[in-house]
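Remarks on the structure that follows.
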Amino acid sequence: MPFTALLHSEWTKIRSLRPLLAALCSVLAVTVGVTLLAGAPDGRTAARATGFDPVLFSFTGYAAGQLAAVCFGVLAVGAEYRNGAVRVSLTAVPDRGRFYAAKLAVVGALTLVLGLVTGFASFLGGQAVLAAGDRAGLGEPAVLRAVFGCAACLALVALLAAGVTALLRSTVGAFSVLVPLLVLAGPVLGTDNGWVRHLPGTAGLQMMEQTPSGAPGAWTGLGVAALWSAAAVLA
């Protein structure tokens, strides 16, 4: 079977299941929505008090969007293990390597494309709610890096979630591992700890800062996040 046919079948699975489409679309809705809500006057005052970064402010909703990307990645793979549907898939595609490669390619590509839309929408929406003197333009340094970094990080998170789900073969098990690792570790342990910044949920955050400070840095952090995703996929 041609690999393009495998890609088409995986795309058909995703677009045929409403929960998967809802999880994918929620990446955009949640990220932009939380960013716009954070644009209230109180939010801007709090941001200035802690060192205001207009670029990073536009990605206030990234943490929520990251959780939505986890849901999409987990459900895209976990749906195969409900009611034994994976047996049908492996009957059609006995080569597990090709089967999982096609699934991961579609999951990563869809999240990356929607992540680009999310990045631009989040940045433009975040700047729109700021006062004129606080705004940053698309042409300013690090802005495009932040937009593309947002898309890349969301795609990597979705791939990490898909890999962990395939490894555990359980949606509940995958959520029990990923939610603490991605969502809770940073706020609970504090990003001041150097090793916390190298966790998959926080490693790529400096891509969205106008002036990254400390380790691991913008591009190095993205590389660390990519290594986490690659490890899960290969496992």
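Just remember, in the structure tokens the first chain shown is A, the second B, etc., residues are 1-based per chain, and ligands are 1-based in the order shown.
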* **Nearby residues (only C-alpha atoms) at most 9 Å from range 205-211 of chain A, same-chain spacing under 6 positions excluded, as a VMD selection string** => chain A and resid 53 to 59 62 141 to 143 145 to 150 153 197 217 to 219 221 to 222
Selection: 9 Å around Val74 in chain A, only C-alpha atoms, excl. self and same-chain fewer than 2 positions, as a short mmCIF file (atom, residue, chain, number, x, y, z; two decimals) with all heavy atoms, in the first residue's frame:
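around01.cif was written with the following content:
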data_model
loop_
_atom_site.label_atom_id
_atom_site.label_comp_id
_atom_site.auth_asym_id
_atom_site.auth_seq_id
_atom_site.Cartn_x
_atom_site.Cartn_y
_atom_site.Cartn_z
N ALA A 69 -3.51 20.52 22.78
CA ALA A 69 -2.69 19.72 21.86
C ALA A 69 -2.44 18.33 22.44
O ALA A 69 -2.39 17.33 21.70
CB ALA A 69 -1.36 20.43 21.59
N VAL A 70 -2.27 18.24 23.76
CA VAL A 70 -2.12 16.94 24.41
C VAL A 70 -3.38 16.11 24.20
O VAL A 70 -3.31 14.92 23.88
CB VAL A 70 -1.84 17.13 25.92
CG1 VAL A 70 -1.98 15.81 26.67
CG2 VAL A 70 -0.44 17.68 26.12
N CYS A 71 -4.54 16.73 24.38
CA CYS A 71 -5.80 16.01 24.18
C CYS A 71 -5.90 15.47 22.76
O CYS A 71 -6.31 14.32 22.54
CB CYS A 71 -6.98 16.93 24.48
SG CYS A 71 -7.15 17.39 26.21
N PHE A 72 -5.51 16.29 21.79
CA PHE A 72 -5.59 15.85 20.39
C PHE A 72 -4.65 14.69 20.13
O PHE A 72 -5.03 13.68 19.52
CB PHE A 72 -5.27 17.01 19.46
CG PHE A 72 -5.18 16.62 18.02
CD1 PHE A 72 -6.28 16.12 17.34
CD2 PHE A 72 -3.98 16.73 17.32
CE1 PHE A 72 -6.20 15.73 16.01
CE2 PHE A 72 -3.89 16.36 15.99
CZ PHE A 72 -5.00 15.86 15.34
N ALA A 76 -6.04 10.97 19.23
CA ALA A 76 -5.76 10.50 17.88
C ALA A 76 -5.21 9.08 17.87
O ALA A 76 -5.49 8.28 16.98
CB ALA A 76 -4.79 11.45 17.18
N VAL A 77 -4.41 8.75 18.88
CA VAL A 77 -3.84 7.41 18.99
C VAL A 77 -4.71 6.52 19.87
O VAL A 77 -4.95 5.35 19.56
CB VAL A 77 -2.40 7.46 19.53
CG1 VAL A 77 -1.84 6.06 19.72
CG2 VAL A 77 -1.51 8.26 18.59
N GLY A 78 -5.20 7.06 20.96
CA GLY A 78 -5.98 6.27 21.91
C GLY A 78 -7.28 5.74 21.33
O GLY A 78 -7.78 4.70 21.78
N ALA A 79 -7.83 6.43 20.33
CA ALA A 79 -9.07 5.96 19.71
C ALA A 79 -8.89 4.58 19.07
O ALA A 79 -9.85 3.83 18.94
CB ALA A 79 -9.54 6.96 18.66
N ALA A 158 1.99 17.59 20.70
CA ALA A 158 1.04 16.61 20.16
C ALA A 158 1.73 15.30 19.82
O ALA A 158 1.19 14.21 20.07
CB ALA A 158 0.35 17.18 18.92
N LEU A 159 2.94 15.38 19.26
CA LEU A 159 3.69 14.16 18.94
C LEU A 159 4.12 13.43 20.21
O LEU A 159 4.10 12.20 20.27
CB LEU A 159 4.90 14.51 18.08
CG LEU A 159 4.61 14.93 16.64
CD1 LEU A 159 5.89 15.37 15.95
CD2 LEU A 159 3.97 13.76 15.87
N LEU A 160 4.52 14.19 21.22
CA LEU A 160 4.87 13.57 22.50
C LEU A 160 3.67 12.82 23.08
O LEU A 160 3.79 11.69 23.55
CB LEU A 160 5.35 14.65 23.48
CG LEU A 160 5.63 14.20 24.92
CD1 LEU A 160 6.85 13.30 24.97
CD2 LEU A 160 5.83 15.41 25.83
N ALA A 161 2.52 13.48 23.03
CA ALA A 161 1.31 12.84 23.56
C ALA A 161 0.95 11.59 22.76
O ALA A 161 0.57 10.57 23.34
CB ALA A 161 0.15 13.84 23.52
N ALA A 162 1.08 11.67 21.44
CA ALA A 162 0.77 10.51 20.60
C ALA A 162 1.74 9.36 20.89
O ALA A 162 1.33 8.19 20.97
CB ALA A 162 0.83 10.90 19.13
N GLY A 163 3.02 9.68 21.06
CA GLY A 163 4.00 8.64 21.34
C GLY A 163 3.78 7.97 22.68
O GLY A 163 3.85 6.74 22.80
N VAL A 164 3.48 8.76 23.71
CA VAL A 164 3.24 8.19 25.03
C VAL A 164 1.98 7.32 25.02
O VAL A 164 1.95 6.25 25.65
CB VAL A 164 3.11 9.32 26.08
CG1 VAL A 164 2.63 8.77 27.42
CG2 VAL A 164 4.45 10.02 26.25
N THR A 165 0.96 7.76 24.29
CA THR A 165 -0.28 6.97 24.22
C THR A 165 -0.05 5.65 23.51
O THR A 165 -0.56 4.60 23.93
CB THR A 165 -1.37 7.77 23.49
OG1 THR A 165 -1.52 9.05 24.10
CG2 THR A 165 -2.70 7.05 23.56
N ALA A 166 0.72 5.67 22.42
CA ALA A 166 1.03 4.42 21.72
C ALA A 166 1.84 3.49 22.60
O ALA A 166 1.69 2.26 22.53
CB ALA A 166 1.78 4.74 20.42
N SER A 170 -3.19 3.40 26.30
CA SER A 170 -4.29 3.78 27.17
C SER A 170 -4.40 5.30 27.21
O SER A 170 -3.40 5.98 27.45
CB SER A 170 -4.05 3.25 28.58
OG SER A 170 -4.94 3.84 29.51
N THR A 171 -5.59 5.82 26.97
CA THR A 171 -5.77 7.26 27.05
C THR A 171 -5.67 7.75 28.49
O THR A 171 -5.06 8.79 28.76
CB THR A 171 -7.15 7.66 26.47
OG1 THR A 171 -8.18 6.92 27.14
CG2 THR A 171 -7.22 7.36 24.98
N ALA A 174 -2.04 7.71 29.53
CA ALA A 174 -1.29 8.80 28.89
C ALA A 174 -1.58 10.13 29.57
O ALA A 174 -0.66 10.92 29.84
CB ALA A 174 -1.64 8.87 27.41
N PHE A 175 -2.85 10.41 29.85
CA PHE A 175 -3.19 11.67 30.53
C PHE A 175 -2.58 11.73 31.92
O PHE A 175 -2.13 12.79 32.37
CB PHE A 175 -4.72 11.83 30.62
CG PHE A 175 -5.35 12.33 29.37
CD1 PHE A 175 -6.37 11.63 28.77
CD2 PHE A 175 -4.95 13.53 28.79
CE1 PHE A 175 -6.97 12.09 27.60
CE2 PHE A 175 -5.53 14.00 27.63
CZ PHE A 175 -6.55 13.28 27.03
#
* For Ser89 in chain A, which of A:Pro2, A:Leu182, A:Glu10, A:Gly126 is the closest residue, counting only C-alpha atoms? ->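 Looking only at the distances to Ser89 in chain A, the closest residue turns out to be A:Glu10.
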* If you run DSSP on this backbone, which residues of range 9-222 of chain A come out as helix (DSSP H, G or I), and could you give them as a count of residues only? -> 165
* Structure fact -> A straight line from CA of Val106 in chain A to CA of Leu154 in chain A spans 13.9 Å
* **Atomic distance CA of Gly115 in chain A - CA of Ala155 in chain A, expressed in Å with one decimal** =>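 Separation of CA of Gly115 in chain A and CA of Ala155 in chain A: 7.1 Å.
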* Counting only C-alpha atoms, what is within 7 Å of range 31-33 of chain A, bar same-chain residues fewer than 6 positions away, as an NGL selection string? -> :A and (61-62 or 64-65 or 118 or 121-122)
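Of the residues under consideration (A:Leu20, A:Leu144, A:Leu181, A:Leu104), A:Leu144 shows the shortest atom-to-atom contact distance to Gly119 in chain A when counting only C-alpha atoms.
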* **Pick from A:Val157, A:Val129, A:Ala102, A:Leu138 nearest to Val27 in chain A, counting only C-alpha atoms** => A:Val157
* So, counting only C-alpha atoms, which residue among A:Leu6, A:Val93, A:Gly133, A:Leu184 is closest to Leu67 in chain A? -> A:Leu184
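Between Ala85 in chain A and the residues A:Val224, A:Val34, A:Leu7, A:Lys13, the shortest atom-to-atom distance, using only C-alpha atoms, involves A:Lys13.
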* Option closest in space to Val196 in chain A, from A:Leu234, A:Ala38, A:Ala68, A:Ala215 [counting only C-alpha atoms] -> A:Ala215
* **Pairwise distance for CA of Ala63 in chain A and CA of Val30 in chain A, rounded to one decimal in Å** =>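 CA of Ala63 in chain A sits 9.3 Å away from CA of Val30 in chain A.
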